[in-house]
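Colleague: coords16.json is reproduced in full below (JSON, C-alpha atoms).
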[["chain", "number", "residue", "atom", "x", "y", "z"],
["R", 1, "MET", "CA", 251.65, 32.17, -55.89],
["R", 2, "GLU", "CA", 250.94, 28.51, -55.87],
["R", 3, "ARG", "CA", 247.57, 27.29, -54.92],
["R", 4, "CYS", "CA", 247.40, 24.54, -52.39],
["R", 5, "LEU", "CA", 245.13, 21.86, -53.62],
["R", 6, "ILE", "CA", 243.35, 20.05, -50.82],
["R", 7, "ARG", "CA", 242.13, 16.62, -51.74],
["R", 8, "ARG", "CA", 239.01, 15.53, -50.00],
["R", 9, "SER", "CA", 239.13, 11.96, -48.96],
["R", 10, "LYS", "CA", 236.28, 9.87, -50.33],
["R", 11, "PRO", "CA", 234.00, 8.37, -47.69],
["R", 12, "LEU", "CA", 234.68, 4.74, -47.10],
["R", 13, "LYS", "CA", 232.13, 2.49, -48.71],
["R", 14, "MET", "CA", 230.09, 0.61, -46.13],
["R", 15, "ASN", "CA", 230.14, -3.15, -46.58],
["R", 16, "ALA", "CA", 226.94, -5.17, -46.92],
["R", 17, "ARG", "CA", 227.00, -6.44, -43.35],
["R", 18, "GLU", "CA", 227.27, -2.90, -41.94],
["R", 19, "GLN", "CA", 224.54, -1.70, -44.30],
["R", 20, "GLY", "CA", 222.27, -4.46, -43.06],
["R", 21, "LYS", "CA", 222.88, -3.45, -39.45],
["R", 22, "LEU", "CA", 222.23, 0.22, -40.21],
["R", 23, "TYR", "CA", 219.03, -0.48, -42.13],
["R", 24, "PHE", "CA", 217.79, -2.73, -39.32],
["R", 25, "GLN", "CA", 218.41, -0.03, -36.70],
["R", 26, "LYS", "CA", 216.39, 2.39, -38.84],
["R", 27, "GLY", "CA", 213.51, -0.06, -39.10],
["R", 28, "LYS", "CA", 214.04, -0.67, -42.82],
["R", 29, "TYR", "CA", 213.79, -4.42, -42.54],
["R", 30, "SER", "CA", 213.34, -5.28, -46.22],
["R", 31, "ALA", "CA", 216.43, -3.27, -47.15],
["R", 32, "ALA", "CA", 218.32, -4.85, -44.27],
["R", 33, "ALA", "CA", 217.38, -8.33, -45.48],
["R", 34, "GLU", "CA", 218.63, -7.48, -48.98],
["R", 35, "ALA", "CA", 221.92, -6.20, -47.56],
["R", 36, "TYR", "CA", 222.41, -9.37, -45.52],
["R", 37, "THR", "CA", 221.60, -11.43, -48.61],
["R", 38, "GLU", "CA", 224.47, -9.65, -50.40],
["R", 39, "ALA", "CA", 226.74, -10.30, -47.41],
["R", 40, "ILE", "CA", 225.78, -14.00, -47.42],
["R", 41, "THR", "CA", 226.71, -14.23, -51.10],
["R", 42, "LEU", "CA", 230.21, -13.07, -50.15],
["R", 43, "GLU", "CA", 230.47, -15.08, -46.91],
["R", 44, "PRO", "CA", 228.11, -18.08, -47.20],
["R", 45, "THR", "CA", 229.53, -19.93, -44.17],
["R", 46, "VAL", "CA", 229.02, -17.18, -41.56],
["R", 47, "ALA", "CA", 226.12, -18.24, -39.33],
["R", 48, "SER", "CA", 225.55, -14.79, -37.83],
["R", 49, "LEU", "CA", 224.57, -13.41, -41.25],
["R", 50, "TYR", "CA", 221.75, -15.94, -41.55],
["R", 51, "GLN", "CA", 220.66, -15.16, -38.00],
["R", 52, "ASN", "CA", 220.62, -11.43, -38.70],
["R", 53, "ARG", "CA", 218.62, -11.92, -41.90],
["R", 54, "ALA", "CA", 216.22, -14.17, -39.97],
["R", 55, "LEU", "CA", 215.67, -11.31, -37.51],
["R", 56, "CYS", "CA", 214.73, -9.08, -40.47],
["R", 57, "TYR", "CA", 212.28, -11.69, -41.74],
["R", 58, "GLN", "CA", 210.88, -12.00, -38.21],
["R", 59, "LYS", "CA", 210.05, -8.29, -38.21],
["R", 60, "LEU", "CA", 208.36, -8.80, -41.60],
["R", 61, "ASN", "CA", 206.41, -11.86, -40.35],
["R", 62, "LYS", "CA", 207.98, -14.02, -43.07],
["R", 63, "TRP", "CA", 208.06, -17.11, -40.91],
["R", 64, "SER", "CA", 209.02, -19.64, -43.59],
["R", 65, "ASP", "CA", 212.07, -17.50, -44.40],
["R", 66, "VAL", "CA", 212.92, -17.21, -40.70],
["R", 67, "LEU", "CA", 212.69, -20.99, -40.46],
["R", 68, "SER", "CA", 215.01, -21.53, -43.43],
["R", 69, "ASP", "CA", 217.68, -19.08, -42.23],
["R", 70, "ALA", "CA", 217.53, -20.32, -38.63],
["R", 71, "GLU", "CA", 217.98, -23.92, -39.78],
["R", 72, "HIS", "CA", 220.97, -22.90, -41.89],
["R", 73, "ALA", "CA", 222.52, -20.93, -39.01],
["R", 74, "LEU", "CA", 221.96, -23.82, -36.62],
["R", 75, "LYS", "CA", 223.71, -26.25, -38.96],
["R", 76, "LEU", "CA", 226.71, -23.92, -39.39],
["R", 77, "ASN", "CA", 226.95, -23.30, -35.64],
["R", 78, "GLU", "CA", 226.85, -27.01, -34.85],
["R", 79, "GLU", "CA", 229.50, -27.77, -37.46],
["R", 80, "SER", "CA", 231.84, -25.18, -35.96],
["R", 81, "GLY", "CA", 231.05, -26.06, -32.34],
["R", 82, "VAL", "CA", 229.58, -22.64, -31.58],
["R", 83, "CYS", "CA", 226.72, -22.12, -29.11],
["R", 84, "THR", "CA", 223.38, -22.29, -30.93],
["R", 85, "VAL", "CA", 221.12, -20.37, -28.51],
["R", 86, "LYS", "CA", 220.18, -17.57, -30.92],
["R", 87, "ALA", "CA", 219.56, -19.91, -33.86],
["R", 88, "LEU", "CA", 217.45, -22.24, -31.69],
["R", 89, "TYR", "CA", 215.41, -19.32, -30.37],
["R", 90, "LEU", "CA", 214.72, -18.09, -33.91],
["R", 91, "LEU", "CA", 213.87, -21.62, -35.03],
["R", 92, "GLY", "CA", 211.49, -22.03, -32.10],
["R", 93, "THR", "CA", 209.81, -18.69, -32.84],
["R", 94, "ALA", "CA", 209.34, -19.61, -36.51],
["R", 95, "ASN", "CA", 207.86, -23.01, -35.66],
["R", 96, "LEU", "CA", 205.54, -21.40, -33.09],
["R", 97, "ASN", "CA", 204.15, -18.98, -35.65],
["R", 98, "LEU", "CA", 203.77, -21.80, -38.18],
["R", 99, "ASN", "CA", 201.71, -23.72, -35.57],
["R", 100, "ARG", "CA", 204.34, -26.47, -35.31],
["R", 101, "PHE", "CA", 204.11, -26.56, -31.54],
["R", 102, "ASP", "CA", 206.04, -29.76, -30.82],
["R", 103, "LEU", "CA", 209.05, -28.61, -32.86],
["R", 104, "ALA", "CA", 208.86, -25.13, -31.30],
["R", 105, "GLU", "CA", 208.88, -26.60, -27.81],
["R", 106, "GLN", "CA", 211.91, -28.79, -28.64],
["R", 107, "CYS", "CA", 213.84, -25.77, -29.96],
["R", 108, "PHE", "CA", 213.00, -23.53, -27.00],
["R", 109, "SER", "CA", 213.87, -26.31, -24.54],
["R", 110, "ARG", "CA", 217.28, -26.85, -26.19],
["R", 111, "ALA", "CA", 217.87, -23.09, -26.18],
["R", 112, "MET", "CA", 216.97, -22.93, -22.48],
["R", 113, "THR", "CA", 219.49, -25.67, -21.69],
["R", 114, "GLN", "CA", 222.28, -23.86, -23.54],
["R", 115, "SER", "CA", 221.41, -20.43, -22.10],
["R", 116, "SER", "CA", 222.35, -21.52, -18.57],
["R", 117, "SER", "CA", 225.79, -19.91, -18.93],
["R", 118, "PRO", "CA", 225.99, -16.25, -17.74],
["R", 119, "GLU", "CA", 226.80, -14.84, -21.20],
["R", 120, "TYR", "CA", 223.41, -15.95, -22.51],
["R", 121, "ALA", "CA", 221.39, -15.06, -19.41],
["R", 122, "SER", "CA", 219.70, -12.19, -21.29],
["R", 123, "TYR", "CA", 218.10, -14.72, -23.64],
["R", 124, "ARG", "CA", 216.39, -16.72, -20.90],
["R", 125, "SER", "CA", 213.44, -14.37, -20.46],
["R", 126, "SER", "CA", 212.65, -14.44, -24.20],
["R", 127, "ILE", "CA", 213.04, -18.21, -24.31],
["R", 128, "GLU", "CA", 210.73, -18.58, -21.27],
["R", 129, "LYS", "CA", 208.09, -16.48, -23.02],
["R", 130, "GLY", "CA", 208.50, -18.61, -26.14],
["R", 131, "LEU", "CA", 208.00, -21.83, -24.19],
["R", 132, "ASN", "CA", 204.93, -20.48, -22.45],
["R", 133, "SER", "CA", 203.52, -19.14, -25.72],
["R", 134, "VAL", "CA", 203.77, -22.66, -27.14],
["R", 135, "LYS", "CA", 201.80, -24.03, -24.20],
["R", 136, "THR", "CA", 199.21, -21.25, -24.31],
["R", 137, "GLN", "CA", 198.70, -21.50, -28.09],
["R", 138, "ARG", "CA", 198.45, -25.27, -27.94],
["R", 139, "TRP", "CA", 195.87, -24.96, -25.16],
["R", 140, "GLU", "CA", 193.86, -22.32, -27.06],
["R", 141, "ASN", "CA", 193.89, -24.38, -30.27],
["R", 142, "GLU", "CA", 192.81, -27.53, -28.47],
["R", 143, "LYS", "CA", 190.08, -25.61, -26.67],
["R", 144, "THR", "CA", 188.79, -24.10, -29.93],
["R", 145, "SER", "CA", 188.85, -27.47, -31.65],
["R", 146, "LEU", "CA", 187.01, -29.13, -28.76],
["R", 147, "GLU", "CA", 184.36, -26.41, -28.65],
["R", 148, "LYS", "CA", 183.81, -26.78, -32.40],
["R", 149, "GLU", "CA", 183.38, -30.54, -32.10],
["R", 150, "GLU", "CA", 180.99, -30.16, -29.16],
["R", 151, "ASN", "CA", 178.89, -27.58, -31.00],
["R", 152, "GLU", "CA", 178.69, -29.87, -34.03],
["R", 153, "ASP", "CA", 177.68, -32.83, -31.84],
["R", 154, "GLN", "CA", 175.07, -30.72, -30.08],
["R", 155, "GLY", "CA", 173.66, -29.57, -33.41],
["R", 156, "ILE", "CA", 173.41, -33.14, -34.70],
["R", 157, "LEU", "CA", 171.72, -34.29, -31.50],
["R", 158, "ALA", "CA", 169.27, -31.38, -31.61],
["R", 159, "ASP", "CA", 168.35, -32.27, -35.21],
["R", 160, "MET", "CA", 167.79, -35.89, -34.19],
["R", 161, "ILE", "CA", 165.51, -34.81, -31.35],
["R", 162, "ALA", "CA", 163.51, -32.55, -33.66],
["R", 163, "GLU", "CA", 163.18, -35.34, -36.20],
["R", 164, "ALA", "CA", 162.23, -37.89, -33.57],
["R", 165, "SER", "CA", 159.58, -35.64, -32.08],
["R", 166, "ASN", "CA", 157.70, -35.74, -35.37],
["R", 167, "LEU", "CA", 157.54, -39.54, -35.39],
["R", 168, "ASP", "CA", 154.68, -41.52, -33.94],
["R", 169, "GLY", "CA", 155.33, -43.31, -30.69],
["R", 170, "ILE", "CA", 157.82, -40.92, -29.10],
["R", 171, "GLY", "CA", 156.61, -39.54, -25.81],
["R", 172, "THR", "CA", 156.88, -36.06, -24.42],
["R", 173, "LEU", "CA", 158.74, -37.51, -21.44],
["R", 174, "GLN", "CA", 161.51, -38.86, -23.67],
["R", 175, "CYS", "CA", 161.99, -35.49, -25.37],
["R", 176, "SER", "CA", 162.13, -33.65, -22.06],
["R", 177, "SER", "CA", 164.69, -36.15, -20.74],
["R", 178, "VAL", "CA", 166.94, -35.63, -23.74],
["R", 179, "ASP", "CA", 166.53, -31.86, -23.45],
["R", 180, "GLU", "CA", 167.60, -32.09, -19.81],
["R", 181, "LEU", "CA", 170.63, -34.12, -20.85],
["R", 182, "LEU", "CA", 171.59, -31.44, -23.37],
["R", 183, "LYS", "CA", 171.21, -28.75, -20.72],
["R", 184, "ARG", "CA", 173.43, -30.61, -18.28],
["R", 185, "ALA", "CA", 176.04, -31.23, -20.98],
["R", 186, "GLY", "CA", 176.04, -27.50, -21.75],
["R", 187, "GLU", "CA", 176.59, -26.65, -18.10],
["R", 188, "GLN", "CA", 179.44, -29.14, -17.90],
["R", 189, "ARG", "CA", 181.15, -27.48, -20.86],
["R", 190, "LYS", "CA", 181.23, -24.22, -18.95],
["R", 191, "ARG", "CA", 183.76, -25.86, -16.61],
["R", 192, "PRO", "CA", 186.79, -26.74, -18.78],
["R", 193, "GLN", "CA", 189.56, -29.03, -17.65],
["R", 194, "ILE", "CA", 192.78, -27.57, -16.30],
["R", 195, "PRO", "CA", 195.24, -27.44, -19.24],
["R", 196, "GLU", "CA", 198.04, -29.97, -18.91],
["R", 197, "CYS", "CA", 200.63, -27.26, -19.59],
["R", 198, "LEU", "CA", 199.64, -25.52, -16.34],
["R", 199, "CYS", "CA", 200.07, -28.66, -14.23],
["R", 200, "CYS", "CA", 203.22, -29.84, -12.48],
["R", 201, "GLN", "CA", 204.88, -32.85, -14.09],
["R", 202, "ILE", "CA", 205.41, -34.38, -10.65],
["R", 203, "THR", "CA", 202.11, -33.75, -8.83],
["R", 204, "PHE", "CA", 199.93, -33.41, -11.98],
["R", 205, "GLU", "CA", 198.11, -30.57, -10.21],
["R", 206, "LEU", "CA", 197.71, -26.89, -11.10],
["R", 207, "MET", "CA", 200.92, -25.06, -10.23],
["R", 208, "ARG", "CA", 200.90, -22.03, -7.90],
["R", 209, "ASP", "CA", 204.66, -21.34, -7.75],
["R", 210, "PRO", "CA", 206.13, -22.60, -11.07],
["R", 211, "VAL", "CA", 209.93, -22.73, -11.38],
["R", 212, "LEU", "CA", 212.23, -23.53, -14.28],
["R", 213, "THR", "CA", 215.11, -25.99, -14.25],
["R", 214, "PRO", "CA", 218.30, -25.39, -16.29],
["R", 215, "ALA", "CA", 216.93, -27.87, -18.87],
["R", 216, "GLY", "CA", 213.83, -25.71, -19.42],
["R", 217, "GLN", "CA", 211.35, -27.95, -17.55],
["R", 218, "THR", "CA", 208.74, -26.37, -15.27],
["R", 219, "PHE", "CA", 207.62, -27.79, -11.91],
["R", 220, "GLU", "CA", 205.83, -26.68, -8.77],
["R", 221, "ARG", "CA", 208.62, -25.36, -6.52],
["R", 222, "GLU", "CA", 207.72, -27.49, -3.50],
["R", 223, "ALA", "CA", 207.47, -30.65, -5.62],
["R", 224, "ILE", "CA", 210.84, -30.27, -7.39],
["R", 225, "VAL", "CA", 212.65, -29.27, -4.17],
["R", 226, "CYS", "CA", 211.22, -32.38, -2.50],
["R", 227, "HIS", "CA", 212.33, -34.52, -5.46],
["R", 228, "LEU", "CA", 215.88, -33.14, -5.29],
["R", 229, "ALA", "CA", 216.08, -33.83, -1.57],
["R", 230, "GLN", "CA", 214.67, -37.36, -1.72],
["R", 231, "ASN", "CA", 215.79, -38.71, -5.11],
["R", 232, "GLY", "CA", 218.98, -36.88, -6.02],
["R", 233, "ALA", "CA", 220.24, -33.76, -7.78],
["R", 234, "TRP", "CA", 218.85, -34.35, -11.27],
["R", 235, "ASP", "CA", 215.97, -33.11, -13.42],
["R", 236, "PRO", "CA", 213.20, -35.75, -13.22],
["R", 237, "VAL", "CA", 212.34, -35.32, -16.92],
["R", 238, "THR", "CA", 215.70, -34.84, -18.68],
["R", 239, "ARG", "CA", 217.93, -36.50, -16.02],
["R", 240, "GLN", "CA", 220.28, -33.54, -16.35],
["R", 241, "PRO", "CA", 222.27, -32.79, -13.15],
["R", 242, "MET", "CA", 220.97, -29.78, -11.25],
["R", 243, "THR", "CA", 220.55, -28.27, -7.78],
["R", 244, "ALA", "CA", 217.80, -26.34, -6.03],
["R", 245, "ALA", "CA", 219.93, -23.20, -6.27],
["R", 246, "GLN", "CA", 219.57, -23.29, -10.07],
["R", 247, "LEU", "CA", 215.78, -23.05, -9.99],
["R", 248, "VAL", "CA", 214.37, -19.76, -11.28],
["R", 249, "PRO", "CA", 210.76, -18.50, -11.05],
["R", 250, "ASN", "CA", 208.81, -19.00, -14.28],
["R", 251, "LEU", "CA", 207.17, -15.57, -14.14],
["R", 252, "ALA", "CA", 205.64, -15.75, -17.61],
["R", 253, "LEU", "CA", 203.84, -19.00, -16.84],
["R", 254, "ARG", "CA", 202.81, -17.63, -13.45],
["R", 255, "GLN", "CA", 200.96, -14.84, -15.29],
["R", 256, "VAL", "CA", 199.20, -17.40, -17.50],
["R", 257, "ILE", "CA", 198.16, -19.41, -14.43],
["R", 258, "ASP", "CA", 196.91, -16.29, -12.62],
["R", 259, "ASP", "CA", 194.86, -15.34, -15.70],
["R", 260, "PHE", "CA", 193.41, -18.86, -15.89],
["R", 261, "MET", "CA", 192.51, -18.70, -12.19],
["R", 262, "ARG", "CA", 190.74, -15.37, -12.62],
["R", 263, "ARG", "CA", 188.63, -16.76, -15.48],
["R", 264, "ASN", "CA", 188.07, -20.09, -13.77],
["R", 265, "PRO", "CA", 187.73, -19.57, -10.00],
["R", 266, "TRP", "CA", 186.55, -23.18, -9.58],
["R", 267, "ALA", "CA", 190.14, -24.31, -10.30],
["R", 268, "ALA", "CA", 191.26, -22.96, -6.93],
["R", 269, "GLY", "CA", 189.38, -25.72, -5.15]]
Go ahead and render the structure in this file as structure tokens.
Modeller:
Amino acid sequence: MERCLIRRSKPLKMNAREQGKLYFQKGKYSAAAEAYTEAITLEPTVASLYQNRALCYQKLNKWSDVLSDAEHALKLNEESGVCTVKALYLLGTANLNLNRFDLAEQCFSRAMTQSSSPEYASYRSSIEKGLNSVKTQRWENEKTSLEKEENEDQGILADMIAEASNLDGIGTLQCSSVDELLKRAGEQRKRPQIPECLCCQITFELMRDPVLTPAGQTFEREAIVCHLAQNGAWDPVTRQPMTAAQLVPNLALRQVIDDFMRRNPWAAG
């Protein structure tokens, strides 16, 4: 009696691209990056591989590597005429985390312009948050720098007063006057200026109802609607054609403004 030999088919070997995807889904970002590196070696002109590896590096907070891969993906996309929204978003995120705020803002703004088509609508929320993070971080850095400079100036002035008080000929009245000046300067510092990033580019006042144009610019709704009605259907900053129907609420920036208002009630006046 003959035995029937059943051959078991060998499992198909997963290619590097699929391995990278699987590792990423499992949260094994270093392994995923290595798999995508192998895939790039085999297909060095495929932009999506660089973008996927950049996402791995993003999870690992390797921002210089994200920057490098995003730049490479952007170049390949532009050469082939493919939409560059994802590459620009990654490039903006890398620049933001490397404190290169001007470059980050440029990348996010370009990504916002290209994400106006319905197929990339899901990216707009992330790009909005990126743009607003740039503005918030820039504001926080400038505020910290200003406070440091003011504290240093106050320390120097205090030392000068102490030194002068020990010299002959300086009156108690002069010292008390300078002390009063220091006190008033300290009180003034408690009331910071409204950050430029929270102000409308038309009215130059704090926005209450910020809206985004297709080009990624933010304005007070009433101001931009008035501009469109009186001056024509174009973005006043980029000159890109647009209509009032294309305006979308900038919810992320609205949250930043509300938070600023809560901490600085004087700004409401």
Colleague: List the residues sitting within 10 Å of (201.6, -26.8, -18.0) in the file's frame, using all atoms listed in the file, as a ChimeraX atom specification.
Modeller: /R:132,135-136,139,194-201,204-207,210,217-219,253,256-257
Colleague: R:Glu43, R:Cys83, R:Gly27, R:Arg208: which is nearest R:Tyr57, counting all atoms listed in the file?
Modeller: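 Of all the options, R:Gly27 lies closest to R:Tyr57.
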Colleague: Which residue gives the smallest distance to R:Gln193 among R:Arg221, R:Lys143, R:Arg100, R:His227, with all atoms listed in the file counted?
Modeller: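 Under the stated criterion, the closest residue is R:Lys143.
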Colleague: Go through R:Asn151, R:Ser48, R:Thr243, R:Gln137 and flag the residue nearest R:Asp102, using only C-alpha atoms for the distances.
Modeller: R:Gln137
Colleague: In the coordinate frame of the file, compute which residues have an atom within 9 Å of (220.6, -13.2, -37.9) when using only C-alpha atoms, and state them as a PDB file with C-alpha atoms, keeping the file's coordinate frame.
Modeller:
ATOM      1  CA  TYR R  36     222.410  -9.370 -45.520  1.00  0.00           C
ATOM      2  CA  ALA R  47     226.120 -18.240 -39.330  1.00  0.00           C
ATOM      3  CA  SER R  48     225.550 -14.790 -37.830  1.00  0.00           C
ATOM      4  CA  LEU R  49     224.570 -13.410 -41.250  1.00  0.00           C
ATOM      5  CA  TYR R  50     221.750 -15.940 -41.550  1.00  0.00           C
ATOM      6  CA  GLN R  51     220.660 -15.160 -38.000  1.00  0.00           C
ATOM      7  CA  ASN R  52     220.620 -11.430 -38.700  1.00  0.00           C
ATOM      8  CA  ARG R  53     218.620 -11.920 -41.900  1.00  0.00           C
ATOM      9  CA  ALA R  54     216.220 -14.170 -39.970  1.00  0.00           C
ATOM     10  CA  LEU R  55     215.670 -11.310 -37.510  1.00  0.00           C
ATOM     11  CA  CYS R  56     214.730  -9.080 -40.470  1.00  0.00           C
ATOM     12  CA  ASP R  69     217.680 -19.080 -42.230  1.00  0.00           C
ATOM     13  CA  ALA R  70     217.530 -20.320 -38.630  1.00  0.00           C
ATOM     14  CA  ALA R  73     222.520 -20.930 -39.010  1.00  0.00           C
ATOM     15  CA  LYS R  86     220.180 -17.570 -30.920  1.00  0.00           C
ATOM     16  CA  ALA R  87     219.560 -19.910 -33.860  1.00  0.00           C
ATOM     17  CA  LEU R  90     214.720 -18.090 -33.910  1.00  0.00           C
TER      18      LEU R  90
END
